[in-house]
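Undergrad: One structure, as structure tokens, below. Some questions next.
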Amino acid sequence: DGGITQSPKYLFRKEGQNVTLSCEQNLNHDAMYWYRQDPGQGLRLIYYSQIVNDFQKGDIAEGYSVSREKKESFPLTVTSAQKNPTAFYLCASTPPRDRTNEKLFFGSGTQLSVL
Amino acid sequence: GQNIDQPTEMTATEGAIVQINCTYQTSGFNGLFWYQQHAGEAPTFLSYNVLDVLEEKGRFSSFLSRSKGYSYLLLKELQMKDSASYLCAVSGVDSSYKLIFGSGTRLLVRP
């Protein structure tokens with residue numbers, strides 16, 4: 001079955017530690033996104049990538065880094081510079097640009113907490 | 001800047017009808033999405049409006065007015081399982097792929 005896989009489901013970070021959240025898709029989608037969601041809030045865009053080897057900062061990129069070496073994979077690293085990382089992280093993708101079909105396909109999310 | 005507004009919370013009774021409003025002011029607009037999100041889960045797609053029409057899909061309908069920067073999601077015959085957050089999102093902001101989300105409306109359906 002095609003879809004987006006995020007791992008792990010739950011992740012704990014110690015002070016000063018970098019952690020990496022995995023996102024893999026087998027939908028052959030070009031564009032991929034990382035969103036952060038805080039309790040009771042909407043989604044805020046961290047980074048997005050439209051093609052391999054290219055990515056753009058979203059609205060809250062500070063303290064995060066990404067890579068897009070393969071079309072299928074878009075890992076997110078939460079660095080020690082991100083002082084308030086506790087949140088629900090969602091990875092998403094969209095098909096090749098088509099104005100009749102722009103909807104996001106979401107992974108199941110990763111809940112990151114600070115120890 | 002970009003601005004998408006939704007009510008924070010709404011409460012309705014099982015079997016009733018509820019309308020969730022969304023207003024937006026963005027630099028660029030292709031279309032407007034509605035997503036449903038249960039606690040701790042990923043959002044699921046409900047509707048996508050590009051034109052000023054009422055889109056109906058079962059118990060859910062969505063309406064868009066591009067001239068007024070306004071949309072609503074209408075839920076009929078409410079069921080307990082409809083208790084969730086409903087997210088409004090705009091595409092085409094700054095001519096890019098990205099979606100900009102509102103803060104979401106938490107809907108509580110009571111028996």
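Scheme for the structure tokens: letters A, B, ... for chains in order shown; per-chain residue numbers from 1; ligand numbers from 1 in order shown.
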With 10 Å as the limit and counting only C-alpha atoms, what residues in chain B lie close to chain A? Please list them as a ChimeraX atom specification.

TA: /B:8-9,30-35,39-50,85-89,91-92,96-106

Undergrad: Identify which of the residues A:Gln82, A:Ser67, A:Gln56, A:Asn28 lies closest to Pro96 in chain A, counting only C-alpha atoms when measuring atom-to-atom distances.

TA: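 Ranking A:Gln82, A:Ser67, A:Gln56, A:Asn28 by distance to Pro96 in chain A, first place goes to A:Asn28.
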
Undergrad: Using only C-alpha atoms, which protein or nucleic acid residues come within 8 Å of Arg13 in chain A? Drop anything in the same chain fewer than 5 positions from it, and give the result as a PyMOL selection string.

TA: chain A and resi 18-19+112-115

Undergrad: Quick one: of B:Ser71, B:Gln6, B:Gln37, B:Thr13, who's nearest to Arg110 in chain B, counting only C-alpha atoms?

TA: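 Nearest candidate to Arg110 in chain B out of B:Ser71, B:Gln6, B:Gln37, B:Thr13: B:Thr13.
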
Undergrad: Please measure the separation of CA of Asp94 in chain B and CA of Ala61 in chain A, giving the value in Å to one decimal.

TA: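 We find that CA of Asp94 in chain B and CA of Ala61 in chain A lie 17.4 Å from each other.
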
Undergrad: So what do you get for CA of Asn84 in chain A versus CA of Tyr35 in chain A, distance-wise?

TA: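 Going from CA of Asn84 in chain A over to CA of Tyr35 in chain A covers 14.8 Å.
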
Undergrad: Could you state the separation of CA of Val93 in chain B and CA of Arg59 in chain B in Å, given to one decimal place?

TA: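 Distance between the two atoms: 29.4 Å.
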